[in-house]
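Shown next: run08.txt, containing compact mmCIF, C-alpha atoms and all ligand atoms.
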```txt
# COMPACT_ATOMS: atom_id res chain seq x y z
CA MET A 1 37.65 -7.65 -1.11
CA ASN A 2 36.35 -5.15 1.43
CA LYS A 3 33.47 -6.73 3.42
CA GLU A 4 31.09 -3.84 2.76
CA ILE A 5 31.61 -3.99 -1.03
CA GLU A 6 31.25 -7.78 -0.96
CA THR A 7 27.89 -7.54 0.86
CA LYS A 8 26.68 -4.84 -1.53
CA LEU A 9 27.62 -6.93 -4.60
CA ARG A 10 25.88 -9.97 -3.10
CA ILE A 11 22.67 -8.01 -2.46
CA ASP A 12 22.83 -6.33 -5.90
CA SER A 13 23.06 -9.70 -7.61
CA LEU A 14 20.24 -11.01 -5.37
CA ALA A 15 18.06 -8.04 -6.40
CA MET A 16 18.87 -8.80 -10.05
CA HIS A 17 17.96 -12.48 -9.51
CA ILE A 18 14.65 -11.45 -7.85
CA LEU A 19 13.81 -9.07 -10.69
CA LEU A 20 14.59 -11.59 -13.46
CA SER A 21 12.64 -14.37 -11.72
CA ALA A 22 9.66 -12.05 -11.15
CA ILE A 23 9.68 -11.04 -14.83
CA GLU A 24 9.40 -14.77 -15.62
CA GLY A 25 6.44 -15.02 -13.22
CA ASN A 26 8.34 -16.66 -10.34
CA PHE A 27 7.96 -14.62 -7.15
CA ASP A 28 9.34 -17.28 -4.77
CA VAL A 29 12.84 -15.75 -4.69
CA TRP A 30 11.30 -12.36 -3.92
CA ARG A 31 9.27 -13.68 -0.97
CA GLU A 32 12.09 -15.84 0.39
CA ASN A 33 14.64 -13.00 0.38
CA TYR A 34 12.42 -10.01 1.15
CA ASP A 35 13.92 -9.43 4.61
CA LEU A 36 17.42 -8.99 3.13
CA LEU A 37 16.31 -6.12 0.89
CA ASP A 38 16.63 -2.46 1.73
CA ILE A 39 14.38 0.30 0.41
CA ASN A 40 16.69 1.00 -2.57
CA ASP A 41 16.54 -2.65 -3.65
CA LEU A 42 12.74 -2.58 -3.40
CA ILE A 43 12.52 0.66 -5.42
CA TRP A 44 14.80 -0.87 -8.04
CA ILE A 45 12.84 -4.14 -8.24
CA ASN A 46 9.36 -2.53 -8.20
CA SER A 47 10.34 0.07 -10.79
CA GLY A 48 12.19 -2.53 -12.89
CA ILE A 49 9.26 -4.91 -13.06
CA HIS A 50 6.84 -2.16 -14.09
CA ASN A 51 6.86 -2.81 -17.85
CA PHE A 52 6.56 -6.56 -17.45
CA VAL A 53 3.49 -6.89 -15.21
CA GLY A 54 -0.07 -5.96 -16.06
CA SER A 55 -2.26 -3.34 -14.47
CA GLN A 56 -1.83 -2.94 -10.73
CA GLN A 57 -5.28 -1.41 -10.30
CA HIS A 58 -7.09 -3.53 -7.69
CA PHE A 59 -8.93 -1.19 -5.30
CA ASN A 60 -12.68 -1.41 -4.76
CA TYR A 61 -13.80 2.12 -5.63
CA GLU A 62 -17.36 1.97 -4.25
CA GLY A 63 -16.12 0.58 -0.93
CA VAL A 64 -13.43 3.24 -0.51
CA LYS A 65 -15.87 5.98 -1.49
CA ASP A 66 -18.48 4.77 1.03
CA LEU A 67 -15.87 4.87 3.79
CA ILE A 68 -14.79 8.38 2.82
CA ASP A 69 -18.44 9.47 2.89
CA ILE A 70 -18.66 8.19 6.50
CA VAL A 71 -15.47 10.07 7.41
CA LEU A 72 -16.69 13.28 5.71
CA ASN A 73 -19.73 13.24 8.01
CA ARG A 74 -17.33 13.52 10.94
CA VAL A 75 -14.50 15.63 9.43
CA PRO A 76 -15.97 17.89 6.73
CA GLU A 77 -12.61 18.81 5.08
CA LEU A 78 -10.01 16.20 4.41
CA ASP A 79 -6.33 16.02 3.60
CA ILE A 80 -5.71 12.54 2.20
CA ILE A 81 -2.56 10.51 1.76
CA GLU A 82 -2.38 7.28 -0.19
CA LEU A 83 0.34 4.68 0.19
CA GLY A 84 0.92 2.59 -2.95
CA CYS A 85 -0.89 5.01 -5.29
CA TRP A 86 0.58 3.41 -8.45
CA LYS A 87 -0.55 5.61 -11.40
CA GLY A 88 -3.16 7.45 -9.33
CA HIS A 89 -6.35 5.80 -10.59
CA LEU A 90 -8.00 5.87 -7.15
CA ALA A 91 -6.99 9.52 -6.63
CA LYS A 92 -8.35 10.45 -10.05
CA ARG A 93 -11.80 9.01 -9.30
CA LEU A 94 -11.99 10.33 -5.75
CA LEU A 95 -10.88 13.83 -6.74
CA SER A 96 -13.45 13.97 -9.53
CA GLU A 97 -16.12 12.93 -7.01
CA PHE A 98 -15.26 15.20 -4.08
CA THR A 99 -15.21 19.00 -4.21
CA ASN A 100 -12.28 21.21 -3.25
CA LYS A 101 -14.05 21.90 0.04
CA GLU A 102 -14.38 18.22 0.90
CA VAL A 103 -10.89 17.15 -0.15
CA ASN A 104 -8.20 19.82 0.17
CA THR A 105 -5.10 17.86 -0.72
CA TYR A 106 -4.23 14.35 -1.85
CA VAL A 107 -0.67 13.04 -1.67
CA GLY A 108 0.21 9.74 -3.37
CA TYR A 109 3.30 7.81 -2.23
CA ASP A 110 4.88 4.94 -4.14
CA ILE A 111 8.20 3.17 -4.66
CA ASN A 112 7.37 2.45 -8.30
CA TYR A 113 8.87 5.48 -10.07
CA PRO A 114 7.68 4.70 -13.65
CA ALA A 115 4.10 4.34 -12.34
CA ILE A 116 4.32 7.78 -10.73
CA ASP A 117 5.78 9.20 -13.97
CA GLN A 118 2.72 7.82 -15.81
CA SER A 119 0.24 9.50 -13.46
CA VAL A 120 -3.31 9.67 -14.83
CA VAL A 121 -4.30 12.48 -12.44
CA ASN A 122 -4.70 16.04 -13.60
CA ASP A 123 -5.86 17.87 -10.49
CA SER A 124 -4.01 20.64 -8.65
CA ARG A 125 -4.87 19.02 -5.30
CA TYR A 126 -2.80 15.94 -6.19
CA ILE A 127 0.93 15.60 -5.64
CA THR A 128 3.07 12.49 -5.70
CA ILE A 129 6.07 11.39 -3.71
CA LYS A 130 8.60 9.04 -5.26
CA MET A 131 9.62 7.37 -2.05
CA THR A 132 13.32 7.27 -1.17
CA ASP A 133 12.77 5.86 2.30
CA TRP A 134 10.44 3.46 4.14
CA PHE A 135 6.96 4.92 4.62
CA TYR A 136 7.35 4.85 8.41
CA ASN A 137 10.19 7.39 8.16
CA TYR A 138 7.99 10.07 6.57
CA GLU A 139 6.23 12.76 8.54
CA LEU A 140 2.51 12.20 7.95
CA ASP A 141 0.33 15.22 8.55
CA SER A 142 -3.03 14.46 6.97
CA ASP A 143 -6.46 13.34 8.26
CA ILE A 144 -6.83 10.06 6.47
CA LEU A 145 -4.56 7.41 5.01
CA ILE A 146 -5.79 5.13 2.23
CA SER A 147 -3.79 2.12 1.18
CA CYS A 148 -5.22 -0.59 -1.06
CA HIS A 149 -3.36 -3.80 -1.88
CA THR A 150 -0.05 -2.46 -0.60
CA LEU A 151 0.35 -3.53 3.05
CA GLU A 152 0.51 -7.18 1.99
CA HIS A 153 3.80 -6.28 0.27
CA MET A 154 5.33 -5.38 3.65
CA ASN A 155 6.32 -7.55 6.62
CA GLU A 156 4.84 -7.48 10.11
CA ALA A 157 7.76 -5.50 11.60
CA GLN A 158 7.31 -2.82 8.93
CA ILE A 159 3.55 -2.65 9.56
CA LYS A 160 4.24 -2.15 13.28
CA LYS A 161 6.81 0.59 12.60
CA MET A 162 4.32 2.22 10.24
CA MET A 163 1.67 2.13 12.96
CA ILE A 164 4.04 3.83 15.45
CA THR A 165 4.55 6.66 12.91
CA ILE A 166 0.80 6.82 12.22
CA ASN A 167 0.00 6.90 15.92
CA GLU A 168 2.38 9.86 16.38
CA SER A 169 0.89 11.68 13.37
CA SER A 170 -2.29 13.72 12.87
CA LEU A 171 -4.00 10.84 11.05
CA LYS A 172 -7.47 10.10 12.42
CA TYR A 173 -8.77 7.55 9.90
CA LEU A 174 -7.22 4.65 8.01
CA ILE A 175 -8.68 2.79 5.05
CA PHE A 176 -6.86 -0.41 4.15
CA GLU A 177 -7.76 -3.02 1.56
CA LEU A 178 -6.00 -6.38 1.80
CA PRO A 179 -6.35 -9.90 0.38
CA PHE A 180 -7.34 -12.19 3.25
CA ASN A 181 -9.17 -15.36 2.29
CA TYR A 182 -12.90 -15.91 2.76
CA LYS A 183 -12.44 -16.81 6.44
CA GLY A 184 -10.23 -13.79 6.96
CA LEU A 185 -7.16 -16.02 7.01
CA TRP A 186 -3.76 -15.31 5.51
CA ASN A 187 -4.12 -16.21 1.84
CA GLY A 188 -1.02 -18.37 1.72
CA GLY A 189 1.20 -15.85 -0.02
CA ASN A 190 1.38 -15.38 -3.73
CA ASN A 191 3.20 -13.06 -6.10
CA SER A 192 5.12 -10.52 -4.06
CA HIS A 193 2.83 -10.80 -1.00
CA ILE A 194 4.91 -10.83 2.16
CA LEU A 195 2.59 -10.22 5.10
CA LYS A 196 1.76 -13.42 7.00
CA LEU A 197 -1.13 -12.34 9.20
CA ASN A 198 -4.79 -13.24 9.31
CA SER A 199 -7.37 -10.46 9.51
CA GLU A 200 -7.88 -10.89 13.27
CA GLU A 201 -4.14 -10.51 13.94
CA PHE A 202 -4.07 -7.52 11.61
CA VAL A 203 -6.93 -5.77 13.42
CA LYS A 204 -5.28 -6.57 16.79
CA ILE A 205 -2.08 -4.78 15.69
CA MET A 206 -4.16 -1.79 14.58
CA GLU A 207 -5.74 -1.67 18.07
CA GLU A 208 -2.36 -1.99 19.81
CA TYR A 209 -1.27 1.13 17.97
CA GLY A 210 -4.37 3.21 18.72
CA PHE A 211 -6.89 2.48 15.93
CA LYS A 212 -10.12 0.49 16.05
CA LEU A 213 -12.27 -0.94 13.32
CA PHE A 214 -15.44 1.01 12.56
CA THR A 215 -16.38 -1.10 9.56
CA ILE A 216 -15.18 -4.00 7.46
CA ILE A 217 -16.48 -4.69 3.95
CA ASP A 218 -16.05 -7.88 1.92
CA THR A 219 -14.80 -6.59 -1.45
CA THR A 220 -14.07 -9.99 -2.99
CA ARG A 221 -13.82 -9.75 -6.77
CA GLU A 222 -14.04 -12.36 -9.45
CA THR A 223 -12.32 -12.48 -12.81
CA ARG A 224 -12.75 -15.17 -15.45
CA GLU A 225 -9.66 -16.95 -14.07
CA LYS A 226 -9.84 -16.47 -10.33
CA ILE A 227 -11.70 -15.32 -7.22
CA TYR A 228 -9.77 -12.71 -5.24
CA ASN A 229 -10.89 -12.72 -1.60
CA GLN A 230 -10.25 -9.32 -0.16
CA TRP A 231 -11.46 -7.04 2.62
CA LEU A 232 -11.70 -3.32 3.15
CA PHE A 233 -11.00 -2.08 6.68
CA GLY A 234 -12.17 1.31 8.00
CA LEU A 235 -10.31 2.27 11.18
CA GLU A 236 -10.57 5.26 13.48
CA ARG A 237 -8.27 6.64 16.15
CA ILE A 238 -9.00 5.65 19.71
CA ARG A 239 -5.97 7.28 21.36
C1 LIG B 1 -0.84 -4.18 -6.17
S1 LIG B 1 -0.39 -2.50 -6.38
C2 LIG B 1 -1.89 -1.67 -5.85
C3 LIG B 1 -2.07 -0.33 -6.49
C4 LIG B 1 -3.30 0.46 -6.00
N1 LIG B 1 -3.17 0.82 -4.61
C5 LIG B 1 -4.59 -0.32 -6.22
O1 LIG B 1 -5.14 -0.87 -5.25
O2 LIG B 1 -5.04 -0.37 -7.34
C6 LIG B 1 0.72 -2.23 -5.02
C7 LIG B 1 1.41 -0.88 -5.05
O3 LIG B 1 2.13 -0.73 -3.83
C8 LIG B 1 3.45 -0.29 -4.11
N2 LIG B 1 4.31 -0.77 -3.01
C9 LIG B 1 4.68 -2.03 -2.76
N3 LIG B 1 5.44 -2.10 -1.65
C10 LIG B 1 5.54 -0.83 -1.18
C11 LIG B 1 6.21 -0.24 -0.06
N4 LIG B 1 6.94 -0.94 0.79
N5 LIG B 1 6.07 1.10 0.10
C12 LIG B 1 5.33 1.83 -0.77
N6 LIG B 1 4.70 1.34 -1.85
C13 LIG B 1 4.81 0.02 -2.05
C14 LIG B 1 3.77 -0.88 -5.47
O4 LIG B 1 4.78 -0.16 -6.14
C15 LIG B 1 2.41 -0.76 -6.19
O5 LIG B 1 2.23 0.48 -6.83
```
Output the file's structure in the form of structure tokens.
Amino acid sequence: MNKEIETKLRIDSLAMHILLSAIEGNFDVWRENYDLLDINDLIWINSGIHNFVGSQQHFNYEGVKDLIDIVLNRVPELDIIELGCWKGHLAKRLLSEFTNKEVNTYVGYDINYPAIDQSVVNDSRYITIKMTDWFYNYELDSDILISCHTLEHMNEAQIKKMMITINESSLKYLIFELPFNYKGLWNGGNNSHILKLNSEEFVKIMEEYGFKLFTIIDTTRETREKIYNQWLFGLERIR
């Protein structure tokens, strides 16, 4: 068999194995093989798992809103992009809160196509992008990027590539929410979490690529079953 076809078949069956294991609640195969996957595999797995996992709505609304209020004091009109928008719940709340003058446009990116198809947003300022490529290959021409509970699904190399793209873009502010543990350490990896950094290492990478922290908020949330340690980072451009 042709080598190229053989490799493709191997990866396709790996993606199928990852999807079926994840549906059964086992994400180990996903984490262990993440680096072998290309963007099409990830789109296929994330879209495929959609009907089998619960709500993916994790952002801390009050925290994100407070950070946007700070940014609006410095830049009175904003174009926003969101990476990992899922069904648009954050966009829906923010757009109902901020006037057309404060927020001009809001673009939600995601690799989960069914989630985008089930958008809950009905606002002419909102558009979605069903991603067909890695985020770092898109041209980003907005003022602020929001991404909650999404960067932990990427690896360090992808975060660095994303920061190169961000640094070359017009983006001035970044709002990221991520699950680091109570000491700001890497939380050990669960579900489809890939990123193996602690919060200090994360902030250092942000600085290397031209953004510094202007605030950090502990947004830890508690459900009946579990405490989710998480942090919201507000970053601004330094160069
Ligand atoms: C845990 S959900 C968080 C959804 C929402 N941001 C929130 O906080 O409620 C993660 C989202 O990121 C998306 N995602 C995961 N990896 C991604 C990647 N490499 N590029 C873009 N989106 C990704 C998933 O499809 C999913 O919609």
Non-local contacts of Leu72 (chain A) (12 Å; only C-alpha atoms; under 2 positions in same chain excluded) as a ChimeraX atom specification: /A:65-70,74-80,98-99,101-103,143-144,172-173
Those selected residues, please, written with C-alpha atoms and delivered as an mmCIF file, in the frame of the given file.
```cif
data_model
loop_
_atom_site.group_PDB
_atom_site.id
_atom_site.type_symbol
_atom_site.label_atom_id
_atom_site.label_comp_id
_atom_site.auth_asym_id
_atom_site.auth_seq_id
_atom_site.Cartn_x
_atom_site.Cartn_y
_atom_site.Cartn_z
ATOM 1 C CA LYS A 65 -15.870 5.980 -1.490
ATOM 2 C CA ASP A 66 -18.480 4.770 1.030
ATOM 3 C CA LEU A 67 -15.870 4.870 3.790
ATOM 4 C CA ILE A 68 -14.790 8.380 2.820
ATOM 5 C CA ASP A 69 -18.440 9.470 2.890
ATOM 6 C CA ILE A 70 -18.660 8.190 6.500
ATOM 7 C CA ARG A 74 -17.330 13.520 10.940
ATOM 8 C CA VAL A 75 -14.500 15.630 9.430
ATOM 9 C CA PRO A 76 -15.970 17.890 6.730
ATOM 10 C CA GLU A 77 -12.610 18.810 5.080
ATOM 11 C CA LEU A 78 -10.010 16.200 4.410
ATOM 12 C CA ASP A 79 -6.330 16.020 3.600
ATOM 13 C CA ILE A 80 -5.710 12.540 2.200
ATOM 14 C CA PHE A 98 -15.260 15.200 -4.080
ATOM 15 C CA THR A 99 -15.210 19.000 -4.210
ATOM 16 C CA LYS A 101 -14.050 21.900 0.040
ATOM 17 C CA GLU A 102 -14.380 18.220 0.900
ATOM 18 C CA VAL A 103 -10.890 17.150 -0.150
ATOM 19 C CA ASP A 143 -6.460 13.340 8.260
ATOM 20 C CA ILE A 144 -6.830 10.060 6.470
ATOM 21 C CA LYS A 172 -7.470 10.100 12.420
ATOM 22 C CA TYR A 173 -8.770 7.550 9.900
#
```
Any idea what the distance is between CA of Asp133 (chain A) and CA of Glu32 (chain A)? 21.8 Å
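Nearest to Leu36 (chain A) of all the residues A:Glu62, A:Asp12, A:Glu201, A:Glu222 is A:Asp12, based on only C-alpha atoms.
Atom pair atom O3 of ligand LIG 1 (chain B) / CA of Ile11 (chain A): separated by 21.8 Å.
Every protein or nucleic acid residue with an atom no more than 12 Å from Leu140 (chain A), counting only C-alpha atoms and leaving out same-chain residues fewer than 3 positions away, appears here: Asp79, Ile80, Ile81, Glu82, Leu83, Val107, Gly108, Tyr109, Phe135, Tyr136, Asn137, Asp143, Ile144, Leu145, Met162, Met163, Ile164, Thr165, Ile166, Asn167, Glu168, Ser169, Ser170, Leu171 and Lys172 of chain A.
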Minimum-distance residue to ligand LIG 1 (chain B), chosen among A:Thr223, A:Gln56, A:Asn100, A:Ser119 (using all atoms listed in the file):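 Nearest to ligand LIG 1 (chain B): A:Gln56.
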Ile39 (chain A): which residues within 10 Å, counting only C-alpha atoms, same-chain residues fewer than 6 positions away excluded, as a ChimeraX atom specification? /A:45,111,131-135
Write to file, as a PDB file, in the frame of the given file, the residues of the selection just made, with C-alpha atoms.
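Saved as out22.pdb:
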```pdb
ATOM      1  CA  ILE A  45      12.840  -4.140  -8.240  1.00  0.00           C
ATOM      2  CA  ILE A 111       8.200   3.170  -4.660  1.00  0.00           C
ATOM      3  CA  MET A 131       9.620   7.370  -2.050  1.00  0.00           C
ATOM      4  CA  THR A 132      13.320   7.270  -1.170  1.00  0.00           C
ATOM      5  CA  ASP A 133      12.770   5.860   2.300  1.00  0.00           C
ATOM      6  CA  TRP A 134      10.440   3.460   4.140  1.00  0.00           C
ATOM      7  CA  PHE A 135       6.960   4.920   4.620  1.00  0.00           C
TER       8      PHE A 135
END
```
Find the residue from A:His193, A:His149, A:Lys161, A:Lys92 that sits nearest to ligand LIG 1 (chain B); use all atoms listed in the file when measuring.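 Distance minimum relative to ligand LIG 1 (chain B) lands on A:His149.
With only C-alpha atoms and all ligand atoms as the basis for measurement, A:Asn46 is the residue among A:Ser199, A:Asn46, A:Ser192, A:Thr105 that approaches ligand LIG 1 (chain B) most closely.
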Provide the CA of Phe59 (chain A) to atom C6 of ligand LIG 1 (chain B) distance in Å, to one decimal place. 9.7 Å
For each of A:Leu19, A:Ile129, A:Leu9, A:Ile227, take the minimum atom-to-atom distance to ligand LIG 1 (chain B), counting only C-alpha atoms and all ligand atoms, then give the residue where this is smallest.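 Closest to ligand LIG 1 (chain B), using only C-alpha atoms and all ligand atoms: A:Ile129.
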To test the calculation: enclose all listed atoms of ligand LIG 1 (chain B) in a box whose edges run along x, y and z, add 5 Å on each side, then state centre and edge lengths in Å to one decimal, as lines of an AutoDock Vina configuration file.
```
center_x = 0.9
center_y = -1.2
center_z = -3.3
size_x = 22.1
size_y = 16.0
size_z = 18.1
```
Pick the closest to ligand LIG 1 (chain B) from A:Thr7, A:Thr220, A:Asn191, A:Thr215: which is it, counting all atoms listed in the file?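 Closest candidate: A:Asn191.
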Exercise: residues within 10 Å of coordinate (-7.3, -0.6, 15.0), counting only C-alpha atoms, as an MDAnalysis selection string: chainID A and resid 163 173:174 202:214 233:238
Residues of the last selection are to be written out with C-alpha atoms, as a compact mmCIF listing (two decimals), keeping the file's coordinate frame.
```txt
# COMPACT_ATOMS: atom_id res chain seq x y z
CA MET A 163 1.67 2.13 12.96
CA TYR A 173 -8.77 7.55 9.90
CA LEU A 174 -7.22 4.65 8.01
CA PHE A 202 -4.07 -7.52 11.61
CA VAL A 203 -6.93 -5.77 13.42
CA LYS A 204 -5.28 -6.57 16.79
CA ILE A 205 -2.08 -4.78 15.69
CA MET A 206 -4.16 -1.79 14.58
CA GLU A 207 -5.74 -1.67 18.07
CA GLU A 208 -2.36 -1.99 19.81
CA TYR A 209 -1.27 1.13 17.97
CA GLY A 210 -4.37 3.21 18.72
CA PHE A 211 -6.89 2.48 15.93
CA LYS A 212 -10.12 0.49 16.05
CA LEU A 213 -12.27 -0.94 13.32
CA PHE A 214 -15.44 1.01 12.56
CA PHE A 233 -11.00 -2.08 6.68
CA GLY A 234 -12.17 1.31 8.00
CA LEU A 235 -10.31 2.27 11.18
CA GLU A 236 -10.57 5.26 13.48
CA ARG A 237 -8.27 6.64 16.15
CA ILE A 238 -9.00 5.65 19.71
```
Polymer residues at most 8 Å from Ile23 (chain A), all atoms listed in the file, same-chain spacing of 2 or more positions, as a ChimeraX atom specification: /A:19-21,25-26,49,52-53
Completion step: region 131-154 of chain A with N, CA and C atoms as a CSV table (one decimal), keeping the file's coordinate frame:
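Printed below is rebuild-v6.csv as written:
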```csv
chain,number,residue,atom,x,y,z
A,131,MET,N,9.0,7.7,-3.4
A,131,MET,CA,9.6,7.4,-2.0
A,131,MET,C,11.1,7.0,-2.2
A,132,THR,N,11.9,7.6,-1.2
A,132,THR,CA,13.3,7.3,-1.2
A,132,THR,C,13.6,6.6,0.2
A,133,ASP,N,12.6,6.4,1.0
A,133,ASP,CA,12.8,5.9,2.3
A,133,ASP,C,11.5,5.0,2.6
A,134,TRP,N,11.6,4.2,3.7
A,134,TRP,CA,10.4,3.5,4.1
A,134,TRP,C,9.3,4.4,4.5
A,135,PHE,N,8.1,4.0,4.3
A,135,PHE,CA,7.0,4.9,4.6
A,135,PHE,C,7.0,5.4,6.1
A,136,TYR,N,7.4,4.5,7.0
A,136,TYR,CA,7.4,4.8,8.4
A,136,TYR,C,8.4,5.9,8.8
A,137,ASN,N,9.2,6.3,7.9
A,137,ASN,CA,10.2,7.4,8.2
A,137,ASN,C,9.7,8.7,7.6
A,138,TYR,N,8.5,8.8,7.0
A,138,TYR,CA,8.0,10.1,6.6
A,138,TYR,C,7.1,10.7,7.7
A,139,GLU,N,7.1,12.1,7.6
A,139,GLU,CA,6.2,12.8,8.5
A,139,GLU,C,4.8,12.8,7.9
A,140,LEU,N,3.8,12.3,8.6
A,140,LEU,CA,2.5,12.2,8.0
A,140,LEU,C,1.6,13.2,8.6
A,141,ASP,N,1.2,14.2,7.9
A,141,ASP,CA,0.3,15.2,8.6
A,141,ASP,C,-1.0,15.4,7.8
A,142,SER,N,-1.7,14.4,7.6
A,142,SER,CA,-3.0,14.5,7.0
A,142,SER,C,-4.1,13.9,7.9
A,143,ASP,N,-5.4,13.9,7.4
A,143,ASP,CA,-6.5,13.3,8.3
A,143,ASP,C,-6.7,11.9,8.1
A,144,ILE,N,-6.5,11.4,6.8
A,144,ILE,CA,-6.8,10.1,6.5
A,144,ILE,C,-5.8,9.4,5.6
A,145,LEU,N,-5.5,8.2,5.9
A,145,LEU,CA,-4.6,7.4,5.0
A,145,LEU,C,-5.3,6.3,4.3
A,146,ILE,N,-5.2,6.2,3.0
A,146,ILE,CA,-5.8,5.1,2.2
A,146,ILE,C,-4.7,4.3,1.7
A,147,SER,N,-4.8,3.0,1.8
A,147,SER,CA,-3.8,2.1,1.2
A,147,SER,C,-4.4,0.8,0.8
A,148,CYS,N,-4.6,0.6,-0.5
A,148,CYS,CA,-5.2,-0.6,-1.1
A,148,CYS,C,-4.2,-1.5,-1.7
A,149,HIS,N,-4.2,-2.8,-1.3
A,149,HIS,CA,-3.4,-3.8,-1.9
A,149,HIS,C,-1.9,-3.4,-1.8
A,150,THR,N,-1.5,-2.9,-0.7
A,150,THR,CA,0.0,-2.5,-0.6
A,150,THR,C,0.5,-3.0,0.7
A,151,LEU,N,-0.2,-3.1,1.8
A,151,LEU,CA,0.4,-3.5,3.0
A,151,LEU,C,0.8,-5.0,3.0
A,152,GLU,N,0.1,-5.8,2.1
A,152,GLU,CA,0.5,-7.2,2.0
A,152,GLU,C,1.9,-7.3,1.4
A,153,HIS,N,2.4,-6.2,0.8
A,153,HIS,CA,3.8,-6.3,0.3
A,153,HIS,C,4.8,-5.9,1.3
A,154,MET,N,4.4,-5.7,2.6
A,154,MET,CA,5.3,-5.4,3.6
A,154,MET,C,5.3,-6.5,4.7
```
